[in-house]
Amino acid sequence: MNINLESPSDLRRKLTIELGAEEIERELDQAYRELGRQVRLKGFRPGRAPRRLLERFFGDQVRGEVMQKLIRESTEKALAEHALKPAVEPEIVTEQAEFPKLLRFAAVFDLKPEIVVKDYHGWSLAPAPAEVSEEEIAQALERLRQGHAPLKKVSGRSRVEGGDLALVQVTAQAGTKPLPEVDGEPQLVEVSERALKHGLFELIEGAQTGEPKRLTKSYPTDYAEPHLRGQTVEWSVVVKDILYRELPALDDEFARDLGAFETLEELREHTRQTFLAQAQERAQEQARQQALKLLVERNPVEPPESMVARELTRLEAETAALLRAEGLGEETAAERVHSRREELNGWATRRVRERLLVEALAAQENIAVTDDELAARVAKLVSESGRERERVAKFYAREENRLNLRAALHREKALQWLVNQSNSGAPAEQA
């Protein structure tokens with residue numbers, strides 16, 4: 001294996017790697033031996049099929065797999081020999097491939113810049129006082145009432161009005177086929193434009209209980225919901241019941257019904273303490289964001305192009321998903337994302353710059369996230385997820401998700417360290 005290392009810029013590196021016939025043929029021999037043990041060809045005992053037949057039936061597949069393996073393994077070896085750690089995975093460019101005589105390719109990548117963080121002592125980053133208003137507590141208690149109000153049938157009218165709750169049975173048909181995504185089972189819905197999409201609000205509002213009502217609606221080819229794109233759908237609804245919530249009195253009995261309180265005052269105080277803890281965390285987060293802003297302003301860093309490009313790709317995907325969730329079609333969402341590319345690139349550059357600086361600060365100050373801290377945060381997220389506990393626990397059981405959570409905790413811990421060590425020196429600029 002011949003290796004040539006070039007440095008087109010301070011951070012960019014180019015490894016040109018050339019492999020000869022002997023190395024390539026050795027890997028091909030090994031690949032065909034393994035293949036021969038696995039496949040069964042008529043007329044030959046297992047492991048006895050001649051290579052010429054294996055090449056005839058599987059040659060393209062084997063050559064492709066061997067080339068990828070050689071590129072991967074020789075790149076890893078070259079990086080290790082030169083003690084190089086790419087910021088992101090190298091871009092592979094095949095320069096000459098005359099299998100099985102020659103393979104020459106380039107691995108192009110960026111290194112992370114070596115950063116020494118400066119000017120981060122003596123800041124005034126005290127979080128703002130956390131406060132909870134009586135109005136916030138009253139609104140929270142009202143939401144509890146709404147959530148625990150039993151459903152009652154509306155008497156005296158049979159016509160559905162906006163704002164009602166209704167038990168409805170909805171079916172949908174495109175041409176002669178029913179839409180499988182609409183199961184036709186009775187369901188409780190809020191009769192509002194916010195809750196009912198795809199034209200269902202105009203279908204259900206004004207319907208009479210027990211009387212079928214129909215609506216035919218056509219959807220564009222770039223509609224947000226894939227199962228409705230380009231379809232002309234005949235919707236049908238039967239309203240079973242019109243309902244309302246009977247609000248309970250806000251008193252000691254209501255507090256006891258929740259299971260953890262003896263009096264309304266205990267419930268009110270619990271709500272106050274919960275809101276206060278949330279307000280304190282918001283204040284801490286604002287202080288952390290102020291610390292991050294100052295860290296970036298006082299430590300100019302030029303991030304590697306490849307890191308920015310990868311972050312931009314992630315941001316574009318996130319933005320497109322949000323636009324589709326808002327009801328835009330796939331093509332329209334893609335156009336919107338493209339029109340905002342310059343703006344998104346600026347965000348991506350800032351994100352990478354922030355990440356590099358926080359990582360460098362954490363390394364300088366020996367800030368790390370312990371396994372116990374990670375486990376405690378997972379336990380907190382699971383305990384706070386209510387009915388989604390099992391799903392959240394499974395999510396964080398996966399190693400990739402735990403790694404992402406550890407990275408988020410590392411960032412949070414480093415920024416919190418900045419806030420905690422700030423003293424009464426010159427006030428920091430306001431974020």
# chains A, B, ... in the order shown; residues from 1 in each chain; ligands from 1

$ residues_around --residues "Gln273 of chain A" --least-positions-apart "4" --cutoff "12 Å" --atoms "only C-alpha atoms" --output "list in words"
Ala130, Glu131, Val132, Ser133, Glu136, Ile137, Glu266, Leu267, Arg268, Glu269, Ala277, Gln278, Ala279 and Gln280 of chain A

$ residues_around --residues "Gln286 of chain A" --least-positions-apart "4" --cutoff "10 Å" --atoms "only C-alpha atoms" --output "PyMOL selection string"
chain A and resi 125-128+280-282+290-292+431

$ select_by_dssp --residues "segment 189-386 of chain A" --states "alpha helix (DSSP H)" --output "JSON, numbers by chain"
{"A": [200, 201, 202, 203, 204, 252, 253, 254, 255, 256, 257, 264, 265, 266, 267, 268, 269, 270, 271, 272, 273, 274, 275, 276, 277, 278, 279, 280, 281, 282, 283, 284, 285, 286, 287, 288, 289, 290, 291, 292, 293, 294, 295, 296, 297, 298, 305, 306, 307, 308, 309, 310, 311, 312, 313, 314, 315, 316, 317, 318, 319, 320, 321, 322, 323, 324, 325, 330, 331, 332, 333, 334, 335, 336, 337, 338, 339, 341, 342, 343, 344, 345, 346, 347, 348, 349, 350, 351, 352, 353, 354, 355, 356, 357, 358, 359, 360, 361, 362, 363, 364, 371, 372, 373, 374, 375, 376, 377, 378, 379, 380, 381, 382, 383]}

$ closest_residue --among "A:Val238, A:Leu102, A:Ala414, A:Val116" --to "Leu70 of chain A" --atoms "only C-alpha atoms"
A:Leu102

$ residues_around --residues "segment 9-19 of chain A" --least-positions-apart "2" --cutoff "8 Å" --atoms "only C-alpha atoms" --output "CSV table (one decimal) with N, CA and C atoms, in the first residue's frame"
chain,number,residue,atom,x,y,z
A,1,MET,N,0.9,-1.2,0.0
A,1,MET,CA,0.0,0.0,0.0
A,1,MET,C,0.9,1.2,0.0
A,2,ASN,N,0.7,2.1,-1.0
A,2,ASN,CA,1.4,3.4,-1.0
A,2,ASN,C,0.5,4.5,-0.6
A,3,ILE,N,1.0,5.3,0.3
A,3,ILE,CA,0.3,6.4,0.9
A,3,ILE,C,1.0,7.8,0.6
A,4,ASN,N,0.2,8.7,0.2
A,4,ASN,CA,0.7,10.1,0.1
A,4,ASN,C,-0.2,11.1,0.8
A,5,LEU,N,0.4,11.9,1.7
A,5,LEU,CA,-0.4,12.8,2.5
A,5,LEU,C,-0.1,14.2,2.0
A,6,GLU,N,-1.2,15.0,1.7
A,6,GLU,CA,-1.1,16.4,1.4
A,6,GLU,C,-1.9,17.2,2.3
A,7,SER,N,-1.5,18.5,2.4
A,7,SER,CA,-2.2,19.4,3.3
A,7,SER,C,-2.7,20.7,2.5
A,21,ALA,N,-1.9,-5.1,-7.4
A,21,ALA,CA,-2.6,-6.4,-7.8
A,21,ALA,C,-2.5,-7.4,-6.7
A,23,GLU,N,-2.3,-7.2,-3.3
A,23,GLU,CA,-3.2,-6.9,-2.2
A,23,GLU,C,-4.6,-7.1,-2.6
A,24,ILE,N,-5.0,-6.7,-3.8
A,24,ILE,CA,-6.4,-6.8,-4.3
A,24,ILE,C,-6.7,-8.3,-4.5
A,74,SER,N,-8.0,0.2,4.4
A,74,SER,CA,-6.7,0.9,4.1
A,74,SER,C,-6.8,2.4,4.5
A,75,THR,N,-8.0,3.0,4.5
A,75,THR,CA,-8.1,4.4,5.0
A,75,THR,C,-7.9,4.4,6.5
A,78,ALA,N,-4.2,4.0,7.2
A,78,ALA,CA,-3.4,5.2,6.8
A,78,ALA,C,-3.6,6.3,7.9
A,102,LEU,N,-5.2,-2.6,-10.1
A,102,LEU,CA,-4.9,-1.4,-9.4
A,102,LEU,C,-6.1,-0.7,-8.8
A,103,LEU,N,-5.9,-0.1,-7.6
A,103,LEU,CA,-6.9,0.7,-7.0
A,103,LEU,C,-6.3,1.9,-6.4
A,104,ARG,N,-6.6,3.1,-6.9
A,104,ARG,CA,-6.1,4.3,-6.3
A,104,ARG,C,-7.3,5.3,-6.0
A,105,PHE,N,-7.3,5.8,-4.8
A,105,PHE,CA,-8.3,6.6,-4.3
A,105,PHE,C,-7.8,7.7,-3.4
A,106,ALA,N,-8.6,8.7,-3.2
A,106,ALA,CA,-8.2,9.8,-2.2
A,106,ALA,C,-9.2,9.9,-1.1
A,107,ALA,N,-8.8,10.0,0.1
A,107,ALA,CA,-9.6,10.3,1.3
A,107,ALA,C,-9.4,11.7,1.7
A,108,VAL,N,-10.4,12.6,1.5
A,108,VAL,CA,-10.3,14.0,1.8
A,108,VAL,C,-11.1,14.3,3.1
A,109,PHE,N,-10.5,15.0,4.0
A,109,PHE,CA,-11.2,15.3,5.3
A,109,PHE,C,-10.6,16.5,5.9
A,110,ASP,N,-11.3,16.9,7.0
A,110,ASP,CA,-10.8,18.0,7.8
A,110,ASP,C,-10.4,17.5,9.2
A,111,LEU,N,-9.5,18.2,9.8
A,111,LEU,CA,-9.2,18.0,11.2
A,111,LEU,C,-9.9,19.0,12.0
A,112,LYS,N,-10.2,18.6,13.3
A,112,LYS,CA,-10.7,19.6,14.2
A,112,LYS,C,-9.6,20.6,14.6
A,113,PRO,N,-9.9,21.9,14.6
A,113,PRO,CA,-8.9,22.8,15.0
A,113,PRO,C,-8.5,22.6,16.5
A,304,PRO,N,-14.3,23.7,10.6
A,304,PRO,CA,-14.0,23.0,9.4
A,304,PRO,C,-15.2,22.9,8.4

$ closest_residue --among "A:Leu196, A:Leu179, A:Leu41, A:Ile71" --to "Leu228 of chain A" --atoms "only C-alpha atoms"
A:Leu179

$ residues_around --residues "segment 353-368 of chain A" --least-positions-apart "4" --cutoff "8 Å" --atoms "only C-alpha atoms" --output "PyMOL selection string"
chain A and resi 115-117+292+295-296+299+301-303+349+410-411+413-415

$ closest_residue --among "A:Arg214, A:Arg351, A:His82, A:Lys77" --to "Arg310 of chain A" --atoms "only C-alpha atoms"
A:Arg351
